[in-house]
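These notes concern the structure reproduced below.
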Protein chains: 2
Amino acid sequence: MKVTIKDVAKKSGVSIATVSLVLHGNPRISSETRKRVLKAVEELDYQPSMLARGLVMRQTGNIGFVLTEDHFLRTEPFYTRIFLGTEFGARDSNHFVLLATIPTDFSESDFLPRFITQKNVDGLIIAGKVPDAFLEKVARYHLPTVFVDFYPAEGEHSAILMDNIRGGMLATEHLIQLGHRDIAFLAGDMAHPSIRERYLGYHSALQQHGISPNPELEIIDEKKTGKESGYHAVCTLLNKGVKFSALFACNDAMAIGAMECLKKQGFKIPEQISVVGFDDIESDAFQDPPLTTVSVPKYDMGIEAIKLVREMIEQNLKKNKKIIVPVELIVRKSTAAFAES
Amino acid sequence: MKVTIKDVAKKSGVSIATVSLVLHGNPRISSETRKRVLKAVEELDYQPSMLARGLVMRQTGNIGFVLTEDHFLRTEPFYTRIFLGTEFGARDSNHFVLLATIPTDFSESDFLPRFITQKNVDGLIIAGKVPDAFLEKVARYHLPTVFVDFYPAEGEHSAILMDNIRGGMLATEHLIQLGHRDIAFLAGDMAHPSIRERYLGYHSALQQHGISPNPELEIIDEKKTGKESGYHAVCTLLNKGVKFSALFACNDAMAIGAMECLKKQGFKIPEQISVVGFDDIESDAFQDPPLTTVSVPKYDMGIEAIKLVREMIEQNLKKNKKIIVPVELIVRKSTAAFAES
DNA sequence: TTGAAAGCGCTAACAC
DNA sequence: GTGTTAGCGCTTTCAA
């Protein structure tokens, strides 16, 4: 049988109330008894029952982590990393993180994750873009919620976001400092806030350095943001015949696709064309050449997310706090000083 | 405030015991009262507290899912899919699945996932190969455990495994039926049971069809099992100068790497060389040509795993049941009838 | 500084 | 058929 608070009480010759107080660091307890109790706890390897505690405290000790199915199954472990961060962060507060996916096309008629309907979580972390229908449905449960890498179009919320604008600037400035002037920008789906922000950063860096943006160099109408889109975007660019010596892709997948196309067309990277991506995905370092990119602290975003929900749960007040985590330029071998050709 | 069993009892004019009995489908209750109670449950949207129930039943309602960090972060969502399966399977029994990763090089001094030490799970699913040190440590908790895609070297266990041998046979027979005789086999790390089994299948298919295996055609000493290894393995094969018209790689990653090398060397796939992989990963269909492969029912493995732990939890007996899930040949465009060149 | 006791929401044995 | 009641393991007043 599991060892309970009673066992500890008996062993240390006090009441269960005292044990409980000791365990909660109540200062009214003499250090004498405290020591005795702690010793018993230790010797019995006593683990308080979360169930019993939860019942009294009206807390489940769980935090729900929700993302769409395709985000979870994405080849790049982006959200997976964020999840890992929450898992780690949850250790401090002794919470458990329950992961659930929802259909990518979640609609009115779909069910919410059980931990929401059954009120088996104290708070919620929602990672990545989720459908409005989901947002509406989940709102009815009034759970403390933190969004990660996504901010709903309506209302005020708590969220952990990354500094996309600054990232776009960093990437672009890096190229400018290398002497590049004709810097192309590759993007898909501008409806996505992150991508739009990166574009903004690109733009503002150009302007700050007195370079007037050339719309011809902006390929922003790809449907998707994968490798293929990057490949295709470069084709488009090349077909236009505009000259460019550097290229900033809105994410690494596109950057990699772009490099592939460029190499196939006989361009030397970085000698003839410099390439910068965004995200710092695993395979970047294994590219030929290794990709210069903007790194996103996924793990930290998870940790921050947990901290924030916890604050919200404890203080029980709507915080609507936005945390923007910094990004960082990682210079590898895909960028080099501009050389007249 | 949350609605409790008391509210339901009051609303339907019965005792809480009756409500509980109704909820558990006890036949002693008149269909009259049953209906009244159910109606109240419905109207109040009553959700039993897992906490309270768990406290009484001495069950947490949670099942732990453990895998190593790098398996979780793998580019291919293999274990991710299995996890999704468990998540789905858990709905029936109203369990929650707690996911935790352990360091890939877990050692004596590392901590077990909290849900184990805190006894916050009723059972365990361990996916993929995990270090012995972990196994030893976790064994002390005597939790009903099911292994998925891994079977510990020592002792008897419950496990969900896939039919690797049959998969190897299916792949090889497919090639034989297409008229191929000189079929190469590409593998890395033969220490991995799955790979060894696939190799066994390959071998036995050849023999069953009266083809004597040619050791020259077996490249089984790659260090890893990724794309690069596949690429490299084909180089080795080509350098040897042995002739072959088809190739079975121990997994899709290697198959894809192999195709890349082959194409680069000017070989036409499948006209000159047929290629079969194993796993049926996402990107197979997007290869050029789309890869013929052996499909593994990852999702189903998760579902089966949950079923099995549940059985073990309920019946409370060591089952040591092994379930081998069937695999399936997926014929795409990377294989064609043998043609004399 | 400590203990007794109520009660969190539920199940199940037992009584009626 | 249905209700009463004793806990499950814990926290937290309140009293001593």
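Note on naming: chains are A, B, ... as they come in the structure tokens, residues start from 1 per chain, ligands start from 1 in the order shown.
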Between chain B and chain A, at 10 Å or less, what are the per-residue closest atom pairs and their distances in Å? Count only C-alpha atoms, order by chain and rising residue number, and return it as a tab-separated table.
```
residue	atom	partner	partner_atom	distance
B:Lys2	CA	A:Lys119	CA	9.0
B:Asp45	CA	A:Thr117	CA	9.6
B:Tyr46	CA	A:Gln118	CA	8.9
B:Gln47	CA	A:Gln118	CA	5.7
B:Pro48	CA	A:Gln118	CA	7.6
B:Ser49	CA	A:Gln118	CA	7.7
B:Met50	CA	A:Asn120	CA	7.4
B:Leu51	CA	A:Leu51	CA	5.1
B:Ala52	CA	A:Leu55	CA	6.1
B:Arg53	CA	A:Leu51	CA	9.0
B:Gly54	CA	A:Leu51	CA	6.7
B:Leu55	CA	A:Leu51	CA	5.8
B:Val56	CA	A:Ala52	CA	9.5
B:Arg58	CA	A:Leu51	CA	9.1
B:Gln59	CA	A:Leu51	CA	9.0
B:Thr60	CA	A:Leu51	CA	7.2
B:Asn62	CA	A:Leu98	CA	9.9
B:Glu69	CA	A:Leu84	CA	8.9
B:Phe72	CA	A:Thr80	CA	7.7
B:Leu73	CA	A:Pro77	CA	5.7
B:Arg74	CA	A:Pro77	CA	7.3
B:Thr75	CA	A:Thr75	CA	5.1
B:Glu76	CA	A:Thr75	CA	5.9
B:Pro77	CA	A:Leu73	CA	5.7
B:Phe78	CA	A:Leu73	CA	8.9
B:Tyr79	CA	A:Leu73	CA	10.0
B:Thr80	CA	A:Leu73	CA	6.8
B:Arg81	CA	A:Leu73	CA	7.4
B:Phe83	CA	A:Leu99	CA	9.9
B:Leu84	CA	A:Thr101	CA	8.0
B:Glu87	CA	A:Ala100	CA	7.5
B:Phe88	CA	A:Ala100	CA	9.5
B:Arg91	CA	A:Arg114	CA	7.8
B:Asn94	CA	A:Arg114	CA	8.3
B:His95	CA	A:Arg114	CA	9.5
B:Phe96	CA	A:Leu98	CA	7.5
B:Val97	CA	A:Leu98	CA	7.0
B:Leu98	CA	A:Leu98	CA	5.8
B:Leu99	CA	A:Leu98	CA	7.4
B:Ala100	CA	A:Glu87	CA	7.5
B:Thr101	CA	A:Leu84	CA	8.0
B:Pro113	CA	A:Arg91	CA	9.5
B:Arg114	CA	A:Arg91	CA	7.8
B:Phe115	CA	A:Phe96	CA	8.0
B:Thr117	CA	A:Gln47	CA	8.0
B:Gln118	CA	A:Gln47	CA	5.8
B:Lys119	CA	A:Gln47	CA	7.9
B:Asn120	CA	A:Met50	CA	7.4
B:Glu282	CA	A:Thr75	CA	8.6
B:Ser283	CA	A:Thr75	CA	9.3
```
Query raised in the report: When the cut-off is 12 Å and we count only C-alpha atoms (C1' of nucleotides), which residues of chain A are near chain C, given as a ChimeraX atom specification?
Result: /A:9,13-22,26-34,51-59
How would the residues just chosen look if you wrote them out with N, CA and C atoms as a PDB file, in the first residue's frame?
```
ATOM      1  N   ALA A   9       2.779  10.757   9.977  1.00  0.00           N
ATOM      2  CA  ALA A   9       2.378  11.301  11.276  1.00  0.00           C
ATOM      3  C   ALA A   9       2.710  10.310  12.389  1.00  0.00           C
ATOM      4  N   GLY A  13       5.390  10.772  15.273  1.00  0.00           N
ATOM      5  CA  GLY A  13       4.708  11.052  16.529  1.00  0.00           C
ATOM      6  C   GLY A  13       3.997  12.384  16.601  1.00  0.00           C
ATOM      7  N   VAL A  14       3.448  12.811  15.476  1.00  0.00           N
ATOM      8  CA  VAL A  14       2.660  14.054  15.480  1.00  0.00           C
ATOM      9  C   VAL A  14       1.330  13.791  14.788  1.00  0.00           C
ATOM     10  N   SER A  15       0.520  14.806  14.676  1.00  0.00           N
ATOM     11  CA  SER A  15      -0.755  14.638  13.973  1.00  0.00           C
ATOM     12  C   SER A  15      -0.565  14.888  12.483  1.00  0.00           C
ATOM     13  N   ILE A  16      -1.519  14.435  11.724  1.00  0.00           N
ATOM     14  CA  ILE A  16      -1.402  14.640  10.282  1.00  0.00           C
ATOM     15  C   ILE A  16      -1.414  16.124   9.945  1.00  0.00           C
ATOM     16  N   ALA A  17      -2.108  16.906  10.768  1.00  0.00           N
ATOM     17  CA  ALA A  17      -2.144  18.351  10.526  1.00  0.00           C
ATOM     18  C   ALA A  17      -0.731  18.917  10.567  1.00  0.00           C
ATOM     19  N   THR A  18      -0.001  18.484  11.543  1.00  0.00           N
ATOM     20  CA  THR A  18       1.369  18.976  11.683  1.00  0.00           C
ATOM     21  C   THR A  18       2.216  18.601  10.471  1.00  0.00           C
ATOM     22  N   VAL A  19       2.050  17.370  10.059  1.00  0.00           N
ATOM     23  CA  VAL A  19       2.799  16.943   8.879  1.00  0.00           C
ATOM     24  C   VAL A  19       2.478  17.852   7.709  1.00  0.00           C
ATOM     25  N   SER A  20       1.207  18.082   7.523  1.00  0.00           N
ATOM     26  CA  SER A  20       0.779  18.930   6.416  1.00  0.00           C
ATOM     27  C   SER A  20       1.408  20.318   6.518  1.00  0.00           C
ATOM     28  N   LEU A  21       1.381  20.851   7.727  1.00  0.00           N
ATOM     29  CA  LEU A  21       1.955  22.181   7.923  1.00  0.00           C
ATOM     30  C   LEU A  21       3.444  22.202   7.600  1.00  0.00           C
ATOM     31  N   VAL A  22       4.130  21.200   8.091  1.00  0.00           N
ATOM     32  CA  VAL A  22       5.564  21.123   7.800  1.00  0.00           C
ATOM     33  C   VAL A  22       5.789  21.111   6.292  1.00  0.00           C
ATOM     34  N   ASN A  26       5.070  25.871   6.823  1.00  0.00           N
ATOM     35  CA  ASN A  26       4.464  26.791   7.779  1.00  0.00           C
ATOM     36  C   ASN A  26       5.446  27.108   8.904  1.00  0.00           C
ATOM     37  N   PRO A  27       5.669  28.394   9.169  1.00  0.00           N
ATOM     38  CA  PRO A  27       6.697  28.803  10.133  1.00  0.00           C
ATOM     39  C   PRO A  27       6.307  28.559  11.594  1.00  0.00           C
ATOM     40  N   ARG A  28       5.043  28.269  11.846  1.00  0.00           N
ATOM     41  CA  ARG A  28       4.634  28.093  13.238  1.00  0.00           C
ATOM     42  C   ARG A  28       5.164  26.803  13.855  1.00  0.00           C
ATOM     43  N   ILE A  29       5.731  25.968  12.998  1.00  0.00           N
ATOM     44  CA  ILE A  29       6.187  24.678  13.509  1.00  0.00           C
ATOM     45  C   ILE A  29       7.607  24.779  14.053  1.00  0.00           C
ATOM     46  N   SER A  30       7.817  24.219  15.217  1.00  0.00           N
ATOM     47  CA  SER A  30       9.157  24.253  15.814  1.00  0.00           C
ATOM     48  C   SER A  30      10.120  23.475  14.930  1.00  0.00           C
ATOM     49  N   SER A  31      11.311  23.975  14.843  1.00  0.00           N
ATOM     50  CA  SER A  31      12.271  23.322  13.953  1.00  0.00           C
ATOM     51  C   SER A  31      12.549  21.907  14.457  1.00  0.00           C
ATOM     52  N   GLU A  32      12.274  21.714  15.710  1.00  0.00           N
ATOM     53  CA  GLU A  32      12.403  20.402  16.334  1.00  0.00           C
ATOM     54  C   GLU A  32      11.511  19.391  15.603  1.00  0.00           C
ATOM     55  N   THR A  33      10.217  19.613  15.678  1.00  0.00           N
ATOM     56  CA  THR A  33       9.259  18.702  15.037  1.00  0.00           C
ATOM     57  C   THR A  33       9.443  18.688  13.531  1.00  0.00           C
ATOM     58  N   ARG A  34       9.706  19.849  13.008  1.00  0.00           N
ATOM     59  CA  ARG A  34       9.914  19.928  11.549  1.00  0.00           C
ATOM     60  C   ARG A  34      10.941  18.892  11.126  1.00  0.00           C
ATOM     61  N   LEU A  51      -4.061  13.496  -5.953  1.00  0.00           N
ATOM     62  CA  LEU A  51      -5.504  13.345  -6.025  1.00  0.00           C
ATOM     63  C   LEU A  51      -6.168  13.988  -4.813  1.00  0.00           C
ATOM     64  N   ALA A  52      -5.716  13.564  -3.654  1.00  0.00           N
ATOM     65  CA  ALA A  52      -6.311  14.065  -2.421  1.00  0.00           C
ATOM     66  C   ALA A  52      -6.086  15.570  -2.282  1.00  0.00           C
ATOM     67  N   ARG A  53      -4.879  15.957  -2.559  1.00  0.00           N
ATOM     68  CA  ARG A  53      -4.561  17.378  -2.467  1.00  0.00           C
ATOM     69  C   ARG A  53      -5.436  18.178  -3.422  1.00  0.00           C
ATOM     70  N   GLY A  54      -5.522  17.666  -4.634  1.00  0.00           N
ATOM     71  CA  GLY A  54      -6.309  18.357  -5.646  1.00  0.00           C
ATOM     72  C   GLY A  54      -7.765  18.490  -5.233  1.00  0.00           C
ATOM     73  N   LEU A  55      -8.257  17.437  -4.633  1.00  0.00           N
ATOM     74  CA  LEU A  55      -9.664  17.441  -4.230  1.00  0.00           C
ATOM     75  C   LEU A  55      -9.937  18.588  -3.256  1.00  0.00           C
ATOM     76  N   VAL A  56      -9.050  18.732  -2.307  1.00  0.00           N
ATOM     77  CA  VAL A  56      -9.211  19.792  -1.320  1.00  0.00           C
ATOM     78  C   VAL A  56      -8.980  21.178  -1.928  1.00  0.00           C
ATOM     79  N   MET A  57      -7.937  21.252  -2.682  1.00  0.00           N
ATOM     80  CA  MET A  57      -7.525  22.554  -3.214  1.00  0.00           C
ATOM     81  C   MET A  57      -8.329  22.982  -4.443  1.00  0.00           C
ATOM     82  N   ARG A  58      -9.145  22.106  -4.914  1.00  0.00           N
ATOM     83  CA  ARG A  58      -9.874  22.388  -6.136  1.00  0.00           C
ATOM     84  C   ARG A  58      -8.953  22.735  -7.291  1.00  0.00           C
ATOM     85  N   GLN A  59      -7.886  21.997  -7.363  1.00  0.00           N
ATOM     86  CA  GLN A  59      -6.973  22.155  -8.479  1.00  0.00           C
ATOM     87  C   GLN A  59      -6.597  20.764  -8.955  1.00  0.00           C
TER      88      GLN A  59
END
```
Report task. Write out as a PyMOL selection string all residues of region 69-205 of chain B that backbone DSSP assigns to alpha helix (DSSP H). Result -> chain B and resi 69-72+78-93+114-117+132-139+164-177+193-205
Which residues of chain D come within 10 Å of chain B, and for each one, what is the closest pair of atoms and their distance in Å to one decimal, counting only C-alpha atoms (C1' of nucleotides), sorted by chain and residue number, as CSV?
```
residue,atom,partner,partner_atom,distance
D:DG1,C1',B:Ile29,CA,5.8
D:DT2,C1',B:Thr18,CA,6.6
D:DG3,C1',B:Ser15,CA,6.2
D:DT4,C1',B:Ala17,CA,9.0
D:DG7,C1',B:Val56,CA,8.3
D:DC8,C1',B:Val56,CA,4.4
D:DG9,C1',B:Leu55,CA,7.5
```
Written selection (N, CA and C atoms (P, O5', C5', C4', C3', O3' and C1' of nucleotides)) as a compact mmCIF listing (two decimals), in the first residue's frame:
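Result went into part_37.txt, see below:
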```txt
# COMPACT_ATOMS: atom_id res chain seq x y z
P DG D 1 -36.35 -3.82 -9.18
O5' DG D 1 -36.16 -2.31 -9.39
C5' DG D 1 -35.25 -1.79 -8.56
C4' DG D 1 -35.92 -0.60 -7.87
C3' DG D 1 -35.11 0.65 -8.06
O3' DG D 1 -35.94 1.77 -7.80
C1' DG D 1 -34.83 -0.20 -5.85
P DT D 2 -35.42 3.22 -7.96
O5' DT D 2 -34.76 3.55 -6.56
C5' DT D 2 -35.60 3.98 -5.50
C4' DT D 2 -34.80 4.15 -4.25
C3' DT D 2 -33.72 5.24 -4.30
O3' DT D 2 -34.18 6.30 -3.49
C1' DT D 2 -33.00 3.31 -3.14
P DG D 3 -33.33 7.56 -3.16
O5' DG D 3 -32.74 7.17 -1.73
C5' DG D 3 -33.64 6.94 -0.66
C4' DG D 3 -32.87 6.69 0.62
C3' DG D 3 -31.87 7.78 1.00
O3' DG D 3 -31.97 8.00 2.40
C1' DG D 3 -30.74 5.71 0.82
P DT D 4 -31.21 9.12 3.13
O5' DT D 4 -30.32 8.36 4.20
C5' DT D 4 -30.51 6.98 4.45
C4' DT D 4 -29.43 6.50 5.42
C3' DT D 4 -28.50 7.57 5.96
O3' DT D 4 -28.11 7.19 7.28
C1' DT D 4 -27.24 6.06 4.67
P DG D 7 -14.86 4.04 8.54
O5' DG D 7 -14.56 5.54 8.05
C5' DG D 7 -13.32 5.81 7.51
C4' DG D 7 -13.22 5.32 6.07
C3' DG D 7 -12.06 5.99 5.37
O3' DG D 7 -11.27 5.04 4.71
C1' DG D 7 -14.09 6.37 4.17
P DC D 8 -9.72 5.18 4.80
O5' DC D 8 -9.26 5.57 3.33
C5' DC D 8 -9.51 4.79 2.18
C4' DC D 8 -9.33 5.67 0.99
C3' DC D 8 -8.25 6.73 1.20
O3' DC D 8 -7.03 6.23 0.66
C1' DC D 8 -10.24 7.64 0.15
P DG D 9 -5.72 6.26 1.56
O5' DG D 9 -5.26 7.76 1.44
C5' DG D 9 -4.88 8.27 0.17
C4' DG D 9 -4.69 9.77 0.28
C3' DG D 9 -3.72 10.20 1.37
O3' DG D 9 -2.82 11.12 0.80
C1' DG D 9 -5.75 11.35 1.60
```
Write out as a compact mmCIF listing (two decimals) with C-alpha atoms, in the first residue's frame all residues of region 110-190 of chain B that DSSP puts in strand (DSSP E) for this structure's backbone.
```txt
# COMPACT_ATOMS: atom_id res chain seq x y z
CA GLY B 123 0.36 2.24 -16.04
CA LEU B 124 3.21 2.92 -18.40
CA ILE B 125 3.83 2.81 -22.11
CA ILE B 126 7.46 2.88 -23.12
CA ALA B 127 8.06 3.64 -26.76
CA THR B 145 4.05 -1.60 -18.48
CA VAL B 146 3.73 -2.05 -22.21
CA PHE B 147 6.63 -1.60 -24.58
CA VAL B 148 6.06 -0.32 -28.07
CA SER B 158 4.10 -7.00 -22.70
CA ALA B 159 4.79 -5.34 -25.99
CA ILE B 160 3.36 -4.05 -29.21
CA LEU B 161 5.70 -4.87 -32.03
CA MET B 162 5.45 -4.76 -35.76
CA ILE B 183 18.36 -7.60 -55.01
CA ALA B 184 20.59 -5.53 -52.79
CA PHE B 185 19.91 -4.95 -49.12
CA LEU B 186 20.93 -1.73 -47.38
CA ALA B 187 21.08 -1.40 -43.62
CA GLY B 188 22.73 0.42 -40.78
```
Query - Shell of 7 Å around region 294-302 of chain A, only C-alpha atoms (C1' of nucleotides), local chain residues under 6 positions omitted, as a PyMOL selection string - result: chain A and resi 78+81-86+160+167+171+277-280+327-330
Generate the output file for the selected residues, N, CA and C atoms, as a PDB file, in the first residue's frame.
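Generated file (part38.pdb):
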```pdb
ATOM      1  N   PHE A  78       9.206  21.864 -34.101  1.00  0.00           N
ATOM      2  CA  PHE A  78       9.121  23.219 -33.568  1.00  0.00           C
ATOM      3  C   PHE A  78       8.256  23.245 -32.316  1.00  0.00           C
ATOM      4  N   ARG A  81       9.378  21.054 -29.473  1.00  0.00           N
ATOM      5  CA  ARG A  81      10.385  21.676 -28.614  1.00  0.00           C
ATOM      6  C   ARG A  81       9.720  22.566 -27.573  1.00  0.00           C
ATOM      7  N   ILE A  82       8.742  23.299 -28.008  1.00  0.00           N
ATOM      8  CA  ILE A  82       8.029  24.177 -27.083  1.00  0.00           C
ATOM      9  C   ILE A  82       7.370  23.332 -26.000  1.00  0.00           C
ATOM     10  N   PHE A  83       6.777  22.242 -26.425  1.00  0.00           N
ATOM     11  CA  PHE A  83       6.158  21.337 -25.461  1.00  0.00           C
ATOM     12  C   PHE A  83       7.174  20.852 -24.442  1.00  0.00           C
ATOM     13  N   LEU A  84       8.328  20.472 -24.937  1.00  0.00           N
ATOM     14  CA  LEU A  84       9.392  20.009 -24.053  1.00  0.00           C
ATOM     15  C   LEU A  84       9.729  21.080 -23.024  1.00  0.00           C
ATOM     16  N   GLY A  85       9.710  22.315 -23.470  1.00  0.00           N
ATOM     17  CA  GLY A  85       9.968  23.431 -22.561  1.00  0.00           C
ATOM     18  C   GLY A  85       8.917  23.507 -21.467  1.00  0.00           C
ATOM     19  N   THR A  86       7.673  23.321 -21.838  1.00  0.00           N
ATOM     20  CA  THR A  86       6.607  23.389 -20.835  1.00  0.00           C
ATOM     21  C   THR A  86       6.757  22.240 -19.849  1.00  0.00           C
ATOM     22  N   ILE A 160       2.947  34.228 -25.525  1.00  0.00           N
ATOM     23  CA  ILE A 160       4.397  34.208 -25.651  1.00  0.00           C
ATOM     24  C   ILE A 160       4.699  34.267 -27.140  1.00  0.00           C
ATOM     25  N   GLY A 167      13.874  39.978 -35.709  1.00  0.00           N
ATOM     26  CA  GLY A 167      14.534  38.901 -36.439  1.00  0.00           C
ATOM     27  C   GLY A 167      14.718  39.267 -37.903  1.00  0.00           C
ATOM     28  N   ALA A 171      18.410  39.774 -39.728  1.00  0.00           N
ATOM     29  CA  ALA A 171      18.804  39.050 -40.933  1.00  0.00           C
ATOM     30  C   ALA A 171      19.188  40.021 -42.036  1.00  0.00           C
ATOM     31  N   GLY A 277      17.969  32.383 -43.592  1.00  0.00           N
ATOM     32  CA  GLY A 277      16.652  31.821 -43.291  1.00  0.00           C
ATOM     33  C   GLY A 277      16.124  32.346 -41.964  1.00  0.00           C
ATOM     34  N   PHE A 278      15.174  31.607 -41.403  1.00  0.00           N
ATOM     35  CA  PHE A 278      14.569  32.014 -40.137  1.00  0.00           C
ATOM     36  C   PHE A 278      13.996  30.769 -39.473  1.00  0.00           C
ATOM     37  N   ASP A 279      14.301  30.569 -38.232  1.00  0.00           N
ATOM     38  CA  ASP A 279      13.778  29.468 -37.397  1.00  0.00           C
ATOM     39  C   ASP A 279      14.876  28.672 -36.706  1.00  0.00           C
ATOM     40  N   ASP A 280      15.976  28.470 -37.444  1.00  0.00           N
ATOM     41  CA  ASP A 280      17.050  27.633 -36.931  1.00  0.00           C
ATOM     42  C   ASP A 280      16.574  26.204 -36.674  1.00  0.00           C
ATOM     43  N   VAL A 327      15.086  36.957 -30.382  1.00  0.00           N
ATOM     44  CA  VAL A 327      15.640  36.004 -31.341  1.00  0.00           C
ATOM     45  C   VAL A 327      17.100  36.369 -31.552  1.00  0.00           C
ATOM     46  N   GLU A 328      17.789  35.525 -32.279  1.00  0.00           N
ATOM     47  CA  GLU A 328      19.229  35.700 -32.368  1.00  0.00           C
ATOM     48  C   GLU A 328      19.715  35.312 -33.760  1.00  0.00           C
ATOM     49  N   LEU A 329      20.620  36.083 -34.281  1.00  0.00           N
ATOM     50  CA  LEU A 329      21.165  35.751 -35.603  1.00  0.00           C
ATOM     51  C   LEU A 329      22.261  34.700 -35.463  1.00  0.00           C
ATOM     52  N   ILE A 330      22.143  33.646 -36.234  1.00  0.00           N
ATOM     53  CA  ILE A 330      23.172  32.608 -36.219  1.00  0.00           C
ATOM     54  C   ILE A 330      23.900  32.661 -37.555  1.00  0.00           C
TER      55      ILE A 330
END
```
Report task. Figure out the distance between CA of Ala90 (chain A) and CA of Val37 (chain A), please, to one decimal in Å. Result ->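 CA of Ala90 (chain A) lies at a distance of 26.5 Å from CA of Val37 (chain A).
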